[in-house]
$ cat start-v1.pdb   # PDB, C-alpha atoms and all ligand atoms
ATOM      1  CA  MET X   1      -5.913  13.192  28.167
ATOM      2  CA  ASP X   2      -3.252  11.086  29.751
ATOM      3  CA  THR X   3      -2.284   8.376  27.259
ATOM      4  CA  THR X   4      -0.664   6.351  30.051
ATOM      5  CA  GLU X   5      -4.191   5.008  30.677
ATOM      6  CA  LEU X   6      -4.033   3.511  27.199
ATOM      7  CA  THR X   7      -3.622  -0.264  26.948
ATOM      8  CA  LEU X   8      -3.054  -2.377  23.861
ATOM      9  CA  ARG X   9      -4.497  -5.856  23.485
ATOM     10  CA  PRO X  10      -5.272  -8.176  20.563
ATOM     11  CA  VAL X  11      -8.480  -7.406  18.659
ATOM     12  CA  ARG X  12     -11.108 -10.098  19.284
ATOM     13  CA  PRO X  13     -14.051 -11.228  17.151
ATOM     14  CA  ALA X  14     -16.353  -9.468  19.673
ATOM     15  CA  ASP X  15     -14.755  -6.123  18.686
ATOM     16  CA  ARG X  16     -16.398  -6.284  15.268
ATOM     17  CA  GLU X  17     -19.244  -3.931  16.072
ATOM     18  CA  ARG X  18     -16.989  -1.343  17.689
ATOM     19  CA  THR X  19     -14.684  -1.575  14.668
ATOM     20  CA  LEU X  20     -17.610  -0.829  12.369
ATOM     21  CA  GLU X  21     -18.458   2.170  14.541
ATOM     22  CA  ILE X  22     -14.903   3.518  14.508
ATOM     23  CA  THR X  23     -14.490   3.079  10.752
ATOM     24  CA  LYS X  24     -17.966   4.180   9.687
ATOM     25  CA  ASP X  25     -16.922   7.741   8.817
ATOM     26  CA  VAL X  26     -13.449   6.981   7.548
ATOM     27  CA  TRP X  27     -12.994   7.782   3.821
ATOM     28  CA  GLU X  28     -16.686   8.590   3.353
ATOM     29  CA  GLY X  29     -17.632   5.164   4.615
ATOM     30  CA  ARG X  30     -15.321   3.338   2.196
ATOM     31  CA  ASP X  31     -12.825   2.086   4.767
ATOM     32  CA  TYR X  32     -11.456  -1.366   3.931
ATOM     33  CA  VAL X  33     -10.952  -2.438   7.565
ATOM     34  CA  PRO X  34     -14.517  -3.814   7.976
ATOM     35  CA  ARG X  35     -13.933  -5.954   4.865
ATOM     36  CA  VAL X  36     -10.722  -7.476   6.208
ATOM     37  CA  PHE X  37     -11.775  -7.620   9.887
ATOM     38  CA  ASP X  38     -12.485 -11.378  10.023
ATOM     39  CA  ARG X  39      -9.265 -12.227   8.227
ATOM     40  CA  TRP X  40      -7.190  -9.898  10.415
ATOM     41  CA  VAL X  41      -8.722 -11.181  13.667
ATOM     42  CA  SER X  42      -7.866 -14.761  12.808
ATOM     43  CA  ASP X  43      -4.423 -14.139  11.313
ATOM     44  CA  ALA X  44      -1.830 -15.374  13.781
ATOM     45  CA  GLY X  45       0.982 -14.148  11.519
ATOM     46  CA  ALA X  46       0.314 -10.496  12.377
ATOM     47  CA  GLU X  47      -0.704  -8.405  15.370
ATOM     48  CA  PHE X  48      -4.059  -6.684  15.062
ATOM     49  CA  GLN X  49      -4.280  -4.511  18.157
ATOM     50  CA  ALA X  50      -7.009  -2.583  19.926
ATOM     51  CA  ALA X  51      -6.178   0.424  22.094
ATOM     52  CA  GLU X  52      -8.425   0.705  25.112
ATOM     53  CA  ILE X  53      -9.082   3.444  27.613
ATOM     54  CA  GLU X  54     -11.105   2.408  30.626
ATOM     55  CA  GLY X  55     -12.366  -0.680  28.849
ATOM     56  CA  VAL X  56     -13.485   1.157  25.694
ATOM     57  CA  VAL X  57     -11.772   0.534  22.364
ATOM     58  CA  VAL X  58     -10.605   3.893  21.026
ATOM     59  CA  GLY X  59      -8.139   2.795  18.384
ATOM     60  CA  LEU X  60      -6.907   0.033  16.097
ATOM     61  CA  GLN X  61      -3.620  -0.796  14.396
ATOM     62  CA  ARG X  62      -1.909  -3.749  12.807
ATOM     63  CA  LEU X  63       1.701  -4.863  12.586
ATOM     64  CA  ARG X  64       2.503  -7.474   9.976
ATOM     65  CA  PRO X  65       5.881  -9.074   9.263
ATOM     66  CA  TYR X  66       5.946  -9.516   5.475
ATOM     67  CA  ALA X  67       9.531  -9.970   4.324
ATOM     68  CA  PRO X  68      12.833 -10.678   6.073
ATOM     69  CA  GLY X  69      13.540  -7.794   8.473
ATOM     70  CA  LEU X  70      10.497  -5.827   7.309
ATOM     71  CA  ILE X  71       7.303  -5.112   9.189
ATOM     72  CA  TRP X  72       4.246  -3.442   7.640
ATOM     73  CA  TYR X  73       2.137  -0.994   9.649
ATOM     74  CA  GLU X  74      -1.514  -0.630   8.648
ATOM     75  CA  GLY X  75      -5.082  -0.125   9.802
ATOM     76  CA  LEU X  76      -4.375   2.776  12.153
ATOM     77  CA  ARG X  77      -7.723   4.199  13.221
ATOM     78  CA  VAL X  78      -8.761   6.362  16.164
ATOM     79  CA  ALA X  79     -12.430   6.810  17.072
ATOM     80  CA  GLY X  80     -13.782  10.178  15.890
ATOM     81  CA  GLU X  81     -14.623  11.404  19.366
ATOM     82  CA  SER X  82     -11.150  10.552  20.688
ATOM     83  CA  ARG X  83      -8.983  12.234  18.069
ATOM     84  CA  ARG X  84      -6.314  14.900  18.622
ATOM     85  CA  ARG X  85      -5.529  13.682  22.080
ATOM     86  CA  GLY X  86      -2.309  11.877  21.288
ATOM     87  CA  ILE X  87      -3.818   8.394  21.024
ATOM     88  CA  ALA X  88      -2.498   7.599  17.540
ATOM     89  CA  ARG X  89       0.927   8.908  18.485
ATOM     90  CA  ALA X  90       1.020   6.711  21.601
ATOM     91  CA  MET X  91      -0.160   3.661  19.641
ATOM     92  CA  LEU X  92       2.443   4.221  16.925
ATOM     93  CA  GLN X  93       5.215   4.644  19.488
ATOM     94  CA  ALA X  94       4.222   1.355  21.088
ATOM     95  CA  ALA X  95       4.195  -0.336  17.677
ATOM     96  CA  ILE X  96       7.644   1.024  16.834
ATOM     97  CA  ALA X  97       9.038  -0.104  20.190
ATOM     98  CA  GLU X  98       7.600  -3.556  19.675
ATOM     99  CA  ALA X  99       8.950  -3.885  16.120
ATOM    100  CA  HIS X 100      12.346  -2.742  17.344
ATOM    101  CA  GLU X 101      12.321  -5.200  20.211
ATOM    102  CA  GLN X 102      11.410  -8.033  17.848
ATOM    103  CA  GLY X 103      14.483  -7.234  15.752
ATOM    104  CA  PHE X 104      12.884  -5.903  12.567
ATOM    105  CA  HIS X 105      15.203  -3.526  10.782
ATOM    106  CA  GLU X 106      12.602  -1.425   9.019
ATOM    107  CA  MET X 107       8.945  -0.527   9.411
ATOM    108  CA  ARG X 108       7.065   0.521   6.277
ATOM    109  CA  LEU X 109       3.577   1.733   5.526
ATOM    110  CA  ALA X 110       1.488   3.392   2.810
ATOM    111  CA  THR X 111      -0.749   6.385   3.296
ATOM    112  CA  ARG X 112      -2.376   9.254   1.476
ATOM    113  CA  ASP X 113      -3.915  11.185   4.356
ATOM    114  CA  VAL X 114      -2.524  14.490   5.582
ATOM    115  CA  PRO X 115      -3.120  13.851   9.333
ATOM    116  CA  ALA X 116      -1.405  10.480   9.057
ATOM    117  CA  ILE X 117       1.468  11.947   7.032
ATOM    118  CA  ARG X 118       2.059  14.587   9.724
ATOM    119  CA  LEU X 119       1.990  11.928  12.415
ATOM    120  CA  PHE X 120       4.390   9.561  10.624
ATOM    121  CA  GLU X 121       6.823  12.325   9.663
ATOM    122  CA  SER X 122       6.913  13.611  13.220
ATOM    123  CA  ALA X 123       7.696  10.065  14.374
ATOM    124  CA  GLY X 124      10.715   9.979  12.047
ATOM    125  CA  PHE X 125       9.317   8.117   9.028
ATOM    126  CA  LYS X 126      10.702   9.202   5.642
ATOM    127  CA  ALA X 127       8.731   9.219   2.390
ATOM    128  CA  VAL X 128      10.369   6.684   0.071
ATOM    129  CA  VAL X 129       8.103   6.752  -2.992
ATOM    130  CA  GLU X 130       5.362   9.159  -4.020
ATOM    131  CA  MET X 131       2.643   7.815  -6.298
ATOM    132  CA  LYS X 132      -0.241   9.148  -8.338
ATOM    133  CA  TRP X 133      -3.175   6.985  -9.252
ATOM    134  CA  TRP X 134      -3.955   6.301 -12.927
ATOM    135  CA  ARG X 135      -6.873   4.395 -14.376
ATOM    136  CA  GLY X 136      -7.565   2.740 -17.732
ATOM    137  CA  LEU X 137     -10.952   1.243 -18.458
ATOM    138  CA  ARG X 138     -11.438  -2.275 -19.747
ATOM    139  CA  VAL X 139     -11.327  -2.702 -23.528
ATOM    140  CA  GLU X 140     -12.735  -5.573 -25.471
ATOM    141  CA  GLY X 141     -11.131  -7.681 -28.080
ATOM    142  CA  GLY X 142      -7.361  -7.755 -27.700
ATOM    143  CA  GLU X 143      -4.819 -10.192 -26.336
ATOM    144  CA  PRO X 144      -3.879 -10.019 -22.634
ATOM    145  CA  ALA X 145      -0.156  -9.715 -21.898
ATOM    146  CA  ARG X 146       2.202 -12.602 -21.401
ATOM    147  CA  ILE X 147       2.794 -13.919 -17.853
ATOM    148  CA  PRO X 148       6.461 -14.934 -17.467
ATOM    149  CA  GLU X 149       7.683 -17.985 -15.548
ATOM    150  CA  PRO X 150       9.838 -17.280 -12.450
ATOM    151  CA  GLY X 151      13.082 -18.206 -14.245
ATOM    152  CA  GLU X 152      12.319 -15.849 -17.098
ATOM    153  CA  ALA X 153      11.228 -13.106 -14.700
ATOM    154  CA  ARG X 154      14.616 -13.165 -13.029
ATOM    155  CA  LYS X 155      16.232 -12.437 -16.382
ATOM    156  CA  LEU X 156      14.154  -9.265 -16.688
ATOM    157  CA  TRP X 157      16.148  -7.748 -13.838
ATOM    158  CA  PRO X 158      18.885  -5.988 -15.901
ATOM    159  CA  ALA X 159      16.257  -4.408 -18.185
ATOM    160  CA  LEU X 160      14.205  -3.280 -15.213
ATOM    161  CA  GLN X 161      17.229  -1.838 -13.444
ATOM    162  CA  SER X 162      18.198   0.292 -16.416
ATOM    163  CA  SER X 163      14.653   1.351 -17.265
ATOM    164  CA  PRO X 164      14.123   5.139 -17.434
ATOM    165  CA  GLY X 165      12.544   6.482 -14.265
ATOM    166  CA  VAL X 166      13.312   3.376 -12.181
ATOM    167  CA  GLU X 167      15.206   5.547  -9.683
ATOM    168  CA  LEU X 168      11.877   7.133  -8.671
ATOM    169  CA  TYR X 169      10.958   3.800  -7.053
ATOM    170  CA  ALA X 170      13.951   4.162  -4.701
ATOM    171  CA  GLY X 171      14.669   0.436  -4.699
ATOM    172  CA  ILE X 172      11.255  -0.757  -3.606
ATOM    173  CA  VAL X 173       8.094  -2.133  -5.183
ATOM    174  CA  PRO X 174       5.422   0.313  -4.013
ATOM    175  CA  ASP X 175       2.789  -2.331  -3.346
ATOM    176  CA  MET X 176       0.270  -0.722  -1.011
ATOM    177  CA  ASN X 177      -0.239  -4.100   0.688
ATOM    178  CA  GLY X 178       3.426  -4.370   1.672
ATOM    179  CA  ALA X 179       6.319  -2.673  -0.137
ATOM    180  CA  ARG X 180       9.239  -5.067  -0.589
ATOM    181  CA  ASP X 181      12.725  -4.378  -1.890
ATOM    182  CA  LEU X 182      13.027  -4.381  -5.664
ATOM    183  CA  SER X 183      15.400  -7.185  -6.674
ATOM    184  CA  ALA X 184      15.818 -10.118  -9.042
ATOM    185  CA  GLU X 185      14.533 -12.401  -6.252
ATOM    186  CA  GLU X 186      11.454 -10.239  -5.872
ATOM    187  CA  LEU X 187      10.738 -10.571  -9.610
ATOM    188  CA  GLU X 188      10.976 -14.337  -9.227
ATOM    189  CA  ARG X 189       8.631 -14.298  -6.228
ATOM    190  CA  LEU X 190       6.064 -12.129  -8.001
ATOM    191  CA  ALA X 191       6.204 -14.329 -11.092
ATOM    192  CA  ALA X 192       5.570 -17.413  -8.945
ATOM    193  CA  GLY X 193       2.361 -15.700  -7.852
ATOM    194  CA  GLY X 194       1.432 -14.825 -11.456
ATOM    195  CA  LEU X 195       1.942 -11.131 -10.767
ATOM    196  CA  ILE X 196       4.180 -10.052 -13.662
ATOM    197  CA  ARG X 197       3.186  -9.080 -17.205
ATOM    198  CA  VAL X 198       5.627  -8.465 -20.025
ATOM    199  CA  GLY X 199       5.308  -6.548 -23.264
ATOM    200  CA  PRO X 200       6.829  -7.460 -26.645
ATOM    201  CA  GLY X 201      10.357  -8.869 -26.395
ATOM    202  CA  GLY X 202      10.400  -8.295 -22.627
ATOM    203  CA  ARG X 203      10.946  -4.595 -23.342
ATOM    204  CA  ALA X 204       8.164  -3.495 -20.994
ATOM    205  CA  ILE X 205       7.300  -4.915 -17.582
ATOM    206  CA  ALA X 206       4.367  -4.456 -15.211
ATOM    207  CA  LEU X 207       4.477  -5.692 -11.624
ATOM    208  CA  LEU X 208       1.006  -6.390 -10.290
ATOM    209  CA  ARG X 209      -0.356  -6.462  -6.752
ATOM    210  CA  GLU X 210      -3.462  -7.885  -5.132
ATOM    211  CA  PRO X 211      -6.234  -5.471  -6.133
ATOM    212  CA  TRP X 212      -8.642  -3.935  -3.622
ATOM    213  CA  GLY X 213     -11.572  -3.869  -6.022
ATOM    214  CA  GLN X 214     -12.758  -5.160  -9.370
ATOM    215  CA  ASN X 215      -9.615  -4.268 -11.232
ATOM    216  CA  VAL X 216      -6.139  -5.209 -12.319
ATOM    217  CA  ALA X 217      -3.672  -3.312 -10.084
ATOM    218  CA  VAL X 218      -0.156  -2.356 -11.192
ATOM    219  CA  SER X 219       2.425  -1.278  -8.642
ATOM    220  CA  LEU X 220       5.433  -0.727 -10.925
ATOM    221  CA  LEU X 221       6.071  -0.092 -14.625
ATOM    222  CA  ALA X 222       9.307  -0.438 -16.563
ATOM    223  CA  GLY X 223      10.140   0.270 -20.196
ATOM    224  CA  ARG X 224       8.795   2.983 -22.416
ATOM    225  CA  GLY X 225       7.474   3.818 -25.849
ATOM    226  CA  GLY X 226       5.851   1.292 -28.181
ATOM    227  CA  ALA X 227       6.514  -1.796 -26.042
ATOM    228  CA  LEU X 228       5.110  -0.186 -22.915
ATOM    229  CA  ARG X 229       2.058   1.139 -24.758
ATOM    230  CA  GLU X 230       1.350  -2.319 -26.082
ATOM    231  CA  LEU X 231       1.623  -3.725 -22.557
ATOM    232  CA  LEU X 232      -0.653  -1.029 -21.126
ATOM    233  CA  MET X 233      -3.296  -1.856 -23.749
ATOM    234  CA  ALA X 234      -2.888  -5.574 -23.038
ATOM    235  CA  LEU X 235      -3.660  -4.884 -19.366
ATOM    236  CA  ARG X 236      -6.902  -3.193 -20.388
ATOM    237  CA  PHE X 237      -7.748  -6.250 -22.510
ATOM    238  CA  GLU X 238      -6.944  -8.460 -19.531
ATOM    239  CA  ALA X 239      -9.341  -6.507 -17.315
ATOM    240  CA  ASP X 240     -12.061  -7.103 -19.885
ATOM    241  CA  ALA X 241     -11.230 -10.793 -20.324
ATOM    242  CA  ASP X 242     -11.385 -11.283 -16.552
ATOM    243  CA  GLY X 243     -14.688  -9.426 -16.192
ATOM    244  CA  LEU X 244     -13.014  -6.578 -14.320
ATOM    245  CA  ASN X 245     -13.843  -2.945 -14.704
ATOM    246  CA  HIS X 246     -10.489  -1.259 -15.113
ATOM    247  CA  VAL X 247      -6.727  -1.205 -14.569
ATOM    248  CA  THR X 248      -5.185   0.969 -11.861
ATOM    249  CA  VAL X 249      -1.549   1.977 -12.028
ATOM    250  CA  ASN X 250       0.299   3.784  -9.282
ATOM    251  CA  LEU X 251       3.188   5.755 -10.725
ATOM    252  CA  PRO X 252       5.650   8.259  -9.260
ATOM    253  CA  PRO X 253       4.870  11.759 -10.613
ATOM    254  CA  GLY X 254       7.276  12.795 -13.367
ATOM    255  CA  HIS X 255       7.932   9.181 -14.396
ATOM    256  CA  PRO X 256       8.481   8.884 -18.188
ATOM    257  CA  ALA X 257       5.693   6.263 -18.406
ATOM    258  CA  GLU X 258       3.159   9.067 -17.822
ATOM    259  CA  GLU X 259       3.311   9.867 -21.516
ATOM    260  CA  ASP X 260       2.725   6.229 -22.462
ATOM    261  CA  LEU X 261      -0.178   5.948 -20.020
ATOM    262  CA  ARG X 262      -1.877   8.941 -21.652
ATOM    263  CA  ALA X 263      -1.222   7.531 -25.122
ATOM    264  CA  SER X 264      -2.778   4.215 -24.049
ATOM    265  CA  GLY X 265      -6.037   5.721 -22.841
ATOM    266  CA  TYR X 266      -5.225   6.032 -19.141
ATOM    267  CA  ASP X 267      -5.983   9.091 -17.051
ATOM    268  CA  PHE X 268      -5.474  10.222 -13.475
ATOM    269  CA  ALA X 269      -7.926   8.572 -11.107
ATOM    270  CA  ASP X 270      -6.982  11.312  -8.656
ATOM    271  CA  ALA X 271      -4.789  14.104  -9.993
ATOM    272  CA  GLU X 272      -4.658  16.067  -6.749
ATOM    273  CA  HIS X 273      -3.637  13.554  -4.133
ATOM    274  CA  SER X 274      -0.560  11.446  -3.898
ATOM    275  CA  ALA X 275      -0.071   8.276  -1.935
ATOM    276  CA  PHE X 276       3.267   7.581  -0.300
ATOM    277  CA  VAL X 277       5.252   4.678   0.990
ATOM    278  CA  TYR X 278       6.961   5.688   4.228
ATOM    279  CA  ALA X 279       9.764   3.885   6.008
ATOM    280  CA  LEU X 280      11.411   4.031   9.399
ATOM    281  CA  LYS X 281      14.779   2.374   9.997
ATOM    282  CA  LEU X 282      14.782   0.588  13.313
ATOM    283  CA  ASP X 283      18.463  -0.227  13.724
TER     284      ASP X 283
HETATM  285  C1  LIG E   1      -4.960   9.746  11.559
HETATM  286  C2  LIG E   1      -5.560   9.393  12.929
HETATM  287  C3  LIG E   1      -5.234   7.942  13.229
HETATM  288  C4  LIG E   1      -4.905  10.313  13.975
HETATM  289  O1  LIG E   1      -5.355   9.935  15.257
HETATM  290  P1  LIG E   1      -5.274  10.911  16.531
HETATM  291  O2  LIG E   1      -5.326  10.089  17.756
HETATM  292  O3  LIG E   1      -6.242  11.994  16.355
HETATM  293  O4  LIG E   1      -3.802  11.516  16.350
HETATM  294  P2  LIG E   1      -2.931  12.199  17.510
HETATM  295  O5  LIG E   1      -3.810  12.988  18.417
HETATM  296  O6  LIG E   1      -2.055  11.179  18.141
HETATM  297  O7  LIG E   1      -2.076  13.190  16.658
HETATM  298  C5  LIG E   1      -0.739  12.936  16.330
HETATM  299  C6  LIG E   1      -0.294  13.872  15.228
HETATM  300  O8  LIG E   1      -0.953  13.540  14.010
HETATM  301  C7  LIG E   1      -1.186  14.735  13.255
HETATM  302  N1  LIG E   1      -2.638  14.929  13.105
HETATM  303  C8  LIG E   1      -3.623  14.211  13.696
HETATM  304  N2  LIG E   1      -4.825  14.656  13.288
HETATM  305  C9  LIG E   1      -4.588  15.671  12.413
HETATM  306  C10 LIG E   1      -5.423  16.518  11.643
HETATM  307  N3  LIG E   1      -6.746  16.405  11.672
HETATM  308  N4  LIG E   1      -4.831  17.431  10.839
HETATM  309  C11 LIG E   1      -3.499  17.538  10.780
HETATM  310  N5  LIG E   1      -2.651  16.771  11.513
HETATM  311  C12 LIG E   1      -3.187  15.835  12.307
HETATM  312  C13 LIG E   1      -0.574  15.858  14.038
HETATM  313  O9  LIG E   1       0.765  15.978  13.637
HETATM  314  C14 LIG E   1      -0.658  15.306  15.444
HETATM  315  O10 LIG E   1       0.269  15.920  16.304
HETATM  316  P3  LIG E   1      -0.156  17.231  17.110
HETATM  317  O11 LIG E   1      -1.475  16.933  17.753
HETATM  318  O12 LIG E   1       0.989  17.380  18.068
HETATM  319  O13 LIG E   1      -0.246  18.303  16.091
HETATM  320  C15 LIG E   1      -7.083   9.637  12.977
HETATM  321  O14 LIG E   1      -7.349  10.939  12.531
HETATM  322  C16 LIG E   1      -7.880   8.682  12.123
HETATM  323  O15 LIG E   1      -8.259   7.584  12.558
HETATM  324  N6  LIG E   1      -8.176   9.076  10.853
HETATM  325  C17 LIG E   1      -8.921   8.285   9.929
HETATM  326  C18 LIG E   1      -8.152   7.086   9.427
HETATM  327  C19 LIG E   1      -6.774   7.395   8.893
HETATM  328  O16 LIG E   1      -6.560   8.339   8.151
HETATM  329  N7  LIG E   1      -5.812   6.541   9.293
HETATM  330  C20 LIG E   1      -4.462   6.602   8.857
HETATM  331  C21 LIG E   1      -4.301   5.720   7.667
HETATM  332  S1  LIG E   1      -2.610   5.386   7.351
END
$ encode --input "start-v1.pdb" --output "structure tokens"
Amino acid sequence: MDTTELTLRPVRPADRERTLEITKDVWEGRDYVPRVFDRWVSDAGAEFQAAEIEGVVVGLQRLRPYAPGLIWYEGLRVAGESRRRGIARAMLQAAIAEAHEQGFHEMRLATRDVPAIRLFESAGFKAVVEMKWWRGLRVEGGEPARIPEPGEARKLWPALQSSPGVELYAGIVPDMNGARDLSAEELERLAAGGLIRVGPGGRAIALLREPWGQNVAVSLLAGRGGALRELLMALRFEADADGLNHVTVNLPPGHPAEEDLRASGYDFADAEHSAFVYALKLD
């Protein structure tokens, strides 16, 4: 196929049905794109694009500015019958060119799929953080962890920076909804959104993200030993108190907190697969 016939245009509400068709077989029917379709279509702060060939939508992608200089790439989908013809590659190249033209200095994304990984690596993206998924079920009866104020959160920065295993995060918060740089300002921002939990004496820290399901979702852990174990239990209590099913934690493999997760009743949700945050420098 000649991908020069490919045109990109904004996704419209009328593309809903075609989107459902394209995503129906993705991840055994558990694709999140149908769930976010209405929000994405009406979000003027991002570009949700449809790729068309001869008037038929064959692909989708979204570009979302989410922090100064950073643009998040998500929702790449190519219709089953149109795959392996270079459509995704052409769409990604167009997205990169656009992000570059708009002056973003880095494009980031998260993925766990081998075809996508091959595509992104061949387009020059580098894996920044690898993550394994852990899960701890809700537990009744205990106290949820403390939620620090923004000013206090900022003061956690030195402890976080010197926490064992922090280097595995490579200077970013691996939030699968948009990985920002890890900094004191970021701690303050997360705290303003109620997304930090601290263990006893501030000796353990969990950075939370917006969950995708009925759970508490942790994107970064700091600290170790008794304080961290207490915090990990407190998160399980919090899930219970909030009527949620479990806590998910994404953690780089080999991180010292693995031991504390096991000791606190967590296990791999998926031991085989890793998810990755990828990044492409644009300048
Ligand atoms: C991933 C996806 C978007 C690729 O779309 P596509 O149009 O078939 O991809 P392309 O034809 O442009 O292929 C580009 C490169 O991706 C890689 N790739 C694509 N499909 C692959 C597969 N099934 N196995 C291994 N590599 C694959 C290859 O490196 C390929 O280059 P090559 O053809 O020169 O070997 C498509 O398979 C899809 O929609 N999958 C389901 C949703 C998904 O996983 N999205 C990505 C989430 S981040």
$ closest_residue --input "start-v1.pdb" --among "X:Glu52, X:Glu121, X:Glu17, X:Glu101" --to "ligand LIG 1 (chain E)" --atoms "all atoms listed in the file"
X:Glu121
$ residues_near_ligand --input "start-v1.pdb" --ligand "ligand LIG 1 (chain E)" --cutoff "10 Å" --atoms "all atoms listed in the file" --output "PDB file with C-alpha atoms, in the coordinates of the input"
ATOM      1  CA  MET X   1      -5.913  13.192  28.167  1.00  0.00           C
ATOM      2  CA  THR X   3      -2.284   8.376  27.259  1.00  0.00           C
ATOM      3  CA  ILE X  22     -14.903   3.518  14.508  1.00  0.00           C
ATOM      4  CA  THR X  23     -14.490   3.079  10.752  1.00  0.00           C
ATOM      5  CA  LYS X  24     -17.966   4.180   9.687  1.00  0.00           C
ATOM      6  CA  ASP X  25     -16.922   7.741   8.817  1.00  0.00           C
ATOM      7  CA  VAL X  26     -13.449   6.981   7.548  1.00  0.00           C
ATOM      8  CA  TRP X  27     -12.994   7.782   3.821  1.00  0.00           C
ATOM      9  CA  ASP X  31     -12.825   2.086   4.767  1.00  0.00           C
ATOM     10  CA  VAL X  58     -10.605   3.893  21.026  1.00  0.00           C
ATOM     11  CA  GLY X  59      -8.139   2.795  18.384  1.00  0.00           C
ATOM     12  CA  LEU X  60      -6.907   0.033  16.097  1.00  0.00           C
ATOM     13  CA  GLN X  61      -3.620  -0.796  14.396  1.00  0.00           C
ATOM     14  CA  TYR X  73       2.137  -0.994   9.649  1.00  0.00           C
ATOM     15  CA  GLU X  74      -1.514  -0.630   8.648  1.00  0.00           C
ATOM     16  CA  GLY X  75      -5.082  -0.125   9.802  1.00  0.00           C
ATOM     17  CA  LEU X  76      -4.375   2.776  12.153  1.00  0.00           C
ATOM     18  CA  ARG X  77      -7.723   4.199  13.221  1.00  0.00           C
ATOM     19  CA  VAL X  78      -8.761   6.362  16.164  1.00  0.00           C
ATOM     20  CA  ALA X  79     -12.430   6.810  17.072  1.00  0.00           C
ATOM     21  CA  GLY X  80     -13.782  10.178  15.890  1.00  0.00           C
ATOM     22  CA  GLU X  81     -14.623  11.404  19.366  1.00  0.00           C
ATOM     23  CA  SER X  82     -11.150  10.552  20.688  1.00  0.00           C
ATOM     24  CA  ARG X  83      -8.983  12.234  18.069  1.00  0.00           C
ATOM     25  CA  ARG X  84      -6.314  14.900  18.622  1.00  0.00           C
ATOM     26  CA  ARG X  85      -5.529  13.682  22.080  1.00  0.00           C
ATOM     27  CA  GLY X  86      -2.309  11.877  21.288  1.00  0.00           C
ATOM     28  CA  ILE X  87      -3.818   8.394  21.024  1.00  0.00           C
ATOM     29  CA  ALA X  88      -2.498   7.599  17.540  1.00  0.00           C
ATOM     30  CA  ARG X  89       0.927   8.908  18.485  1.00  0.00           C
ATOM     31  CA  ALA X  90       1.020   6.711  21.601  1.00  0.00           C
ATOM     32  CA  MET X  91      -0.160   3.661  19.641  1.00  0.00           C
ATOM     33  CA  LEU X  92       2.443   4.221  16.925  1.00  0.00           C
ATOM     34  CA  GLN X  93       5.215   4.644  19.488  1.00  0.00           C
ATOM     35  CA  LEU X 109       3.577   1.733   5.526  1.00  0.00           C
ATOM     36  CA  ALA X 110       1.488   3.392   2.810  1.00  0.00           C
ATOM     37  CA  THR X 111      -0.749   6.385   3.296  1.00  0.00           C
ATOM     38  CA  ARG X 112      -2.376   9.254   1.476  1.00  0.00           C
ATOM     39  CA  ASP X 113      -3.915  11.185   4.356  1.00  0.00           C
ATOM     40  CA  VAL X 114      -2.524  14.490   5.582  1.00  0.00           C
ATOM     41  CA  PRO X 115      -3.120  13.851   9.333  1.00  0.00           C
ATOM     42  CA  ALA X 116      -1.405  10.480   9.057  1.00  0.00           C
ATOM     43  CA  ILE X 117       1.468  11.947   7.032  1.00  0.00           C
ATOM     44  CA  ARG X 118       2.059  14.587   9.724  1.00  0.00           C
ATOM     45  CA  LEU X 119       1.990  11.928  12.415  1.00  0.00           C
ATOM     46  CA  PHE X 120       4.390   9.561  10.624  1.00  0.00           C
ATOM     47  CA  GLU X 121       6.823  12.325   9.663  1.00  0.00           C
ATOM     48  CA  SER X 122       6.913  13.611  13.220  1.00  0.00           C
ATOM     49  CA  ALA X 123       7.696  10.065  14.374  1.00  0.00           C
ATOM     50  CA  PHE X 276       3.267   7.581  -0.300  1.00  0.00           C
TER      51      PHE X 276
END
$ closest_residue --input "start-v1.pdb" --among "X:Leu20, X:Ile172, X:Ala46, X:Gly103" --to "Pro34 (chain X)" --atoms "only C-alpha atoms"
X:Leu20
$ residues_around --input "start-v1.pdb" --residues "Leu168 (chain X)" --least-positions-apart "4" --cutoff "10 Å" --atoms "all atoms listed in the file" --output "list in words"
Val128, Val129, Glu130, Met131, Pro164, Ile172, Leu251, Pro252, Pro253, Gly254 and His255 of chain X
$ closest_residue --input "start-v1.pdb" --among "X:Leu160, X:Ala269, X:Ile196, X:Val11" --to "Glu210 (chain X)" --atoms "only C-alpha atoms"
X:Ile196
$ residues_near_point --input "start-v1.pdb" --point "(7.9, 0.7, 5.8)" --cutoff "9 Å" --atoms "all atoms listed in the file" --output "list in words"
Leu70, Ile71, Trp72, Tyr73, Glu106, Met107, Arg108, Leu109, Ala110, Phe125, Lys126, Val128, Gly178, Ala179, Arg180, Val277, Tyr278, Ala279, Leu280 and Lys281 of chain X
$ residues_near_point --input "start-v1.pdb" --point "(15.4, -2.4, -20.3)" --cutoff "10 Å" --atoms "all atoms listed in the file" --output "NGL selection string"
:X and (156-164 or 202-205 or 222-224)
$ resolve_selection --input "start-v1.pdb" --expression "the PyMOL selection byres (((chain X and resi 139) around 10) and not hetatm)" --output "PyMOL selection string"
chain X and resi 136-138+140-142+233-241+245-246+265
$ closest_residue --input "start-v1.pdb" --among "X:Val56, X:Val36, X:Ala192, X:Leu6" --to "Ala153 (chain X)" --atoms "all atoms listed in the file"
X:Ala192
$ closest_residue --input "start-v1.pdb" --among "X:Leu228, X:Ala51, X:Leu244, X:Ala67" --to "Ala95 (chain X)" --atoms "all atoms listed in the file"
X:Ala51
$ residues_around --input "start-v1.pdb" --residues "Asp43 (chain X)" --least-positions-apart "5" --cutoff "12 Å" --atoms "all atoms listed in the file" --output "list in words"
Pro10, Val11, Arg12, Pro13, Val36, Phe37, Asp38, Phe48, Gln49, Arg62, Leu63, Arg64 and Pro65 of chain X
